[in-house]
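**Student:** Okay, here's the structure, questions in a sec.
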Amino acid sequence: MTQTHQHEVIIVGAGGAGLMAALYASRGADTAVLSKLYPTRSHTGAAQGGIGAALGNLEPDKVEWHSFDTVKGSDYLGDQDAIDYMCAQAPEVVYELEHMGLPFSRNADGTIAQRRFGGHTNNDTKQPVLRSCYAADRTGHMILQTLYQNCIKNKVHFYDEFHVLDLLMNDGVANGVVAVELATGELHVFHAKSVVFATGGHGRIWELTSNAYAYTGDGVAITLRRGLPAQDLEFFQFHPTGILKLGILITEGVRGEGGVLINGKGERFMERYAPTVKDLASRDVVSRSIYLEIRDGNGIKGDRYVHLDMRPEVVNHYAELDGRKMPDGTPYRVTGEQLLSKVPDIVDFCRTYLGIDPIKEPMPIQPTAHYAMGGIPTNMHGQALSDAKGTIVPGLFAAGEVACVSVHGANRLGTNSLLDLVVFGKEAGKMAAEYAKGADYKPLENNPTDFTRQQLDRILGKSGGEKIVTLGEEMKTKMMDDVGVFRTAEGMTSAIEKMRELRERYKNISVDDHGKRFNTDLLNAWELGCLLDVALATAVSAEARPESRGAHAREDFPKRNDTEWLKHTLAWMDGNQVRLEYKPVTITKYEPKERVY
Amino acid sequence: MLVYLKIYRYNPEAGRNVPSFDTYNIEAEPTDRVLDLLEHVKGNVDGTISFRRSCAHGVCGSDAMRINGRNMLACKALVKDVGTEITVEPILGLPVLKDMIVDMEPFFNSYKSLMPFLINEDVPADGKERRQTPEQLERFEDTTKCILCAACTTSCPVFWSDEQYVGPATIVNAHRFIFDSRDQAANTRLEILADHGGAFRCRTAFNCTEACPREIHVTQAIAEVKNAITSGGVEH
């Protein structure tokens, strides 16, 4: 028996964006949060190195510099009005998090500690700037915990382990969602005035990823199935430093604290690719540099990885060569103990998974699929958009990694994801409540769970069909090989064909578990369907863009082409076909120019 | 290497009303996580095996299980560390719903009972951060690392036998606020923990400290709370 619930605002996802939206929406409207995980399991908790804000606690910094760095980091594809807004809001939201209780690391004077991060610079000197506000190397964990704590304080209504499988719409207006309650397997209908998607990313498309199992692109897939577009999917970030073979993230904060990348010849190779900021160039630049080193036979022992070295003697050696100074003007020097206190989790990951102590040995690393710049198109108020003209989808909002505002353009700067989800989670929550106050409940369709039931019954109705792991592994390998750090027309075309083939074979997928209670087998199969949809739309969006920009690097078109391709991609899906349209980038004061670090 | 894997099974819905074990011999690398083995069996042999997991590297707290009798996160337990004979069971003291999935509601309800949020409505006039020195932070920083996986609470013999006891994780999270120089409700929290289900139920078995995948000094944190209760409060 399907239960129907009614809340003015339904928030889907309980990571940073969803919880921030919940805090704000619940002030003005009856709000409930649905999450397929317990909120504190959300992937925001895996973010490490910090949240960017030009507080200038230890050295001069400006909001305008943060804005420009973000525009440049985006390879000029970010919308400059939204970027200006986000960077201007940054100090305020960081103070707000502190007021909520977030235990930031501190400077000696009691102010919030800040560290260097890739692509964040003093625009006058061009040198890296202390901008990333951090809580050791568990900043995401502390944001997630703090926001959840405040939701408890404010008595936000949660439906934990309710997995949303469909968005309900009536005449183009969002009016609810369908979710399966994991414990019982029952479908529930949530009738709402506003729906906020904060469902996170989809890094599980790729073989090697820093992303959680839960990062299966649910939000983008659901909206694509409901006829809405996805924006800029071809831009997916590969973080330079994932643990060898596992993909577990090693924060850029390690390089911020002075760690360096070293190739098989013992060279600090980033000097050649980014002479000014070196190891703290943007992530796309660093990941490509690592691939090129490996291609040239300069991997460690000629293998497919390089070293990230944060041994204190190495950090101090290069700090001296760089002439790096402490904020008080004395030479920058670190001890092993200091590094351990700044990045304790990294040390723990290395000990656990690699059996090495990074204070004494370098870490073997390779680029790992990390972050979706693309997603559900929104404006800077979190309102979802349905076309290239910017038409708003009434009642639908999106924030965090699932959304594409776009503040990250073709490449996101480190620390800007946590900032994005706090700033735009807040905005989406406020707007969702405001919209709900002025709207009525749009009537539900007669059988709102039909589409969901069809999808689940198709999986449950088969036996002896295709296996989840087989299709999943074929998808991940192909996407890693052909829609990864470097791309060619030939590779992407074959990836498109492969994704179409996998989607056909997916129609014959079957599972072992036919029960109702915690049927994770069934939901894994459903999630794979989401990944395949997003993978196909990603490959098609990528193949259609004959230029190199940010994370989309083509060997056959190595240059950026602003004359023809300074524009956002919008992708619609109809069966195995993907239709593309384009919309202009918002440019206010920063005209595109060559991007060098 | 060949691993002998024993997996706890319980699912009344499928007629498995009595807990039992399924066993598998599988080829594994020494660096494989127990979670990798579970995923392998679920994906290739029996999709009905059920467990929670998400981040797979020890920060989300989904996959606390009993592995060879000790509470661990399946994603932080490597074959080379736990051996080639591996028994996987659900954590103890919370109702088992299906295989390794337990009812987490009692655990989270206990957590919420101690007001796990900063209480302080005063903000600096300039709107900026409240000041806190590195030394003040250090007093509670260890307990901020908690990921609410329940490994500590469900390793505690007092928790198993006494349903009044709030359990180590709840006290860890109370500690995180009691010793935070910015918080203004330490005394209220201490009063609750002075009550009969509170900190003095702890018999310092140290199971919690051994079980914590975040290496929080849980027993020490509980001792600090007990001391604060007996000494009548906290000075920052």
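Ligands are numbered from 1 in the order shown, residues from 1 within each chain, and chains are lettered A, B, ... in the order they appear in the structure tokens.
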Quick check: residues of chain A within 6 Å of chain B, only C-alpha atoms, returned as a tab-separated table (two decimals) with N, CA and C atoms, in the first residue's frame.
**Tutor:**
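Result file follows (result.tsv):
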chain	number	residue	atom	x	y	z
A	41	ARG	N	26.18	10.00	6.69
A	41	ARG	CA	26.94	9.13	5.76
A	41	ARG	C	27.19	9.83	4.43
A	95	TYR	N	31.74	32.41	8.45
A	95	TYR	CA	31.45	32.88	9.82
A	95	TYR	C	30.16	32.24	10.34
A	101	GLY	N	28.88	26.39	15.21
A	101	GLY	CA	29.67	25.51	16.06
A	101	GLY	C	30.78	24.75	15.37
A	106	ARG	N	42.59	26.70	14.18
A	106	ARG	CA	42.72	28.11	14.54
A	106	ARG	C	44.16	28.61	14.42
A	110	GLY	N	43.43	33.00	17.52
A	110	GLY	CA	42.06	32.52	17.70
A	110	GLY	C	41.18	32.65	16.47
A	111	THR	N	41.71	33.25	15.41
A	111	THR	CA	40.92	33.35	14.18
A	111	THR	C	40.98	32.01	13.42
A	149	GLN	N	23.85	18.66	13.11
A	149	GLN	CA	23.59	19.07	14.50
A	149	GLN	C	22.58	20.21	14.55
A	212	ALA	N	32.02	8.02	-3.28
A	212	ALA	CA	31.33	6.98	-2.52
A	212	ALA	C	30.50	6.09	-3.46
A	213	TYR	N	30.19	4.90	-2.97
A	213	TYR	CA	29.28	4.01	-3.71
A	213	TYR	C	27.96	4.72	-4.01
A	214	ALA	N	27.57	5.63	-3.11
A	214	ALA	CA	26.26	6.28	-3.27
A	214	ALA	C	26.24	7.30	-4.40
A	469	VAL	N	27.34	-6.25	-11.84
A	469	VAL	CA	28.79	-6.04	-11.86
A	469	VAL	C	29.36	-6.08	-13.27
A	512	ASP	N	19.30	-11.08	-7.74
A	512	ASP	CA	19.04	-12.29	-6.97
A	512	ASP	C	17.96	-12.05	-5.92
A	513	ASP	N	17.93	-10.85	-5.39
A	513	ASP	CA	17.05	-10.55	-4.26
A	513	ASP	C	15.69	-10.07	-4.76
A	521	ASP	N	20.21	-5.08	-3.49
A	521	ASP	CA	20.50	-5.65	-4.81
A	521	ASP	C	19.68	-4.91	-5.88
**Student:** Could you tell me how far atom CA of A:Thr415 lies from atom CA of A:Val585, in Å and to one decimal?
**Tutor:**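 Between these atoms lies a distance of 22.6 Å.
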**Student:** Can you pull out every residue within 7 Å of B:Val166, counting only C-alpha atoms, but drop anything in the same chain fewer than 3 positions away, and send it as a ChimeraX atom specification?
**Tutor:** /B:110,170,197-198
**Student:** Would you return as an MDAnalysis selection string the members of stretch 249-360 of chain A that DSSP assigns to helix (DSSP H, G or I) on this structure's backbone?
**Tutor:** chainID A and resid 253:256 270:273 278:280 283:295 300:302 312:322 336:342 344:354
**Student:** Could you pull out the strand (DSSP E) residues of stretch 5-222 of chain B from DSSP and send them as a PyMOL selection string?
**Tutor:** chain B and resi 5-11+16-27+64-67+70-73+85-89+96-98+101-102
**Student:** To one decimal place, how far is atom CA of B:Cys212 from atom CA of A:Ala113 in Å?
**Tutor:**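 About the pair atom CA of B:Cys212 and atom CA of A:Ala113: they are 27.4 Å apart.
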**Student:** Leaving out A:Ser132 and any residue of its chain fewer than 6 positions from it, which residues lie within 8 Å of it when counting only C-alpha atoms, given as a count of residues only?
**Tutor:** 10
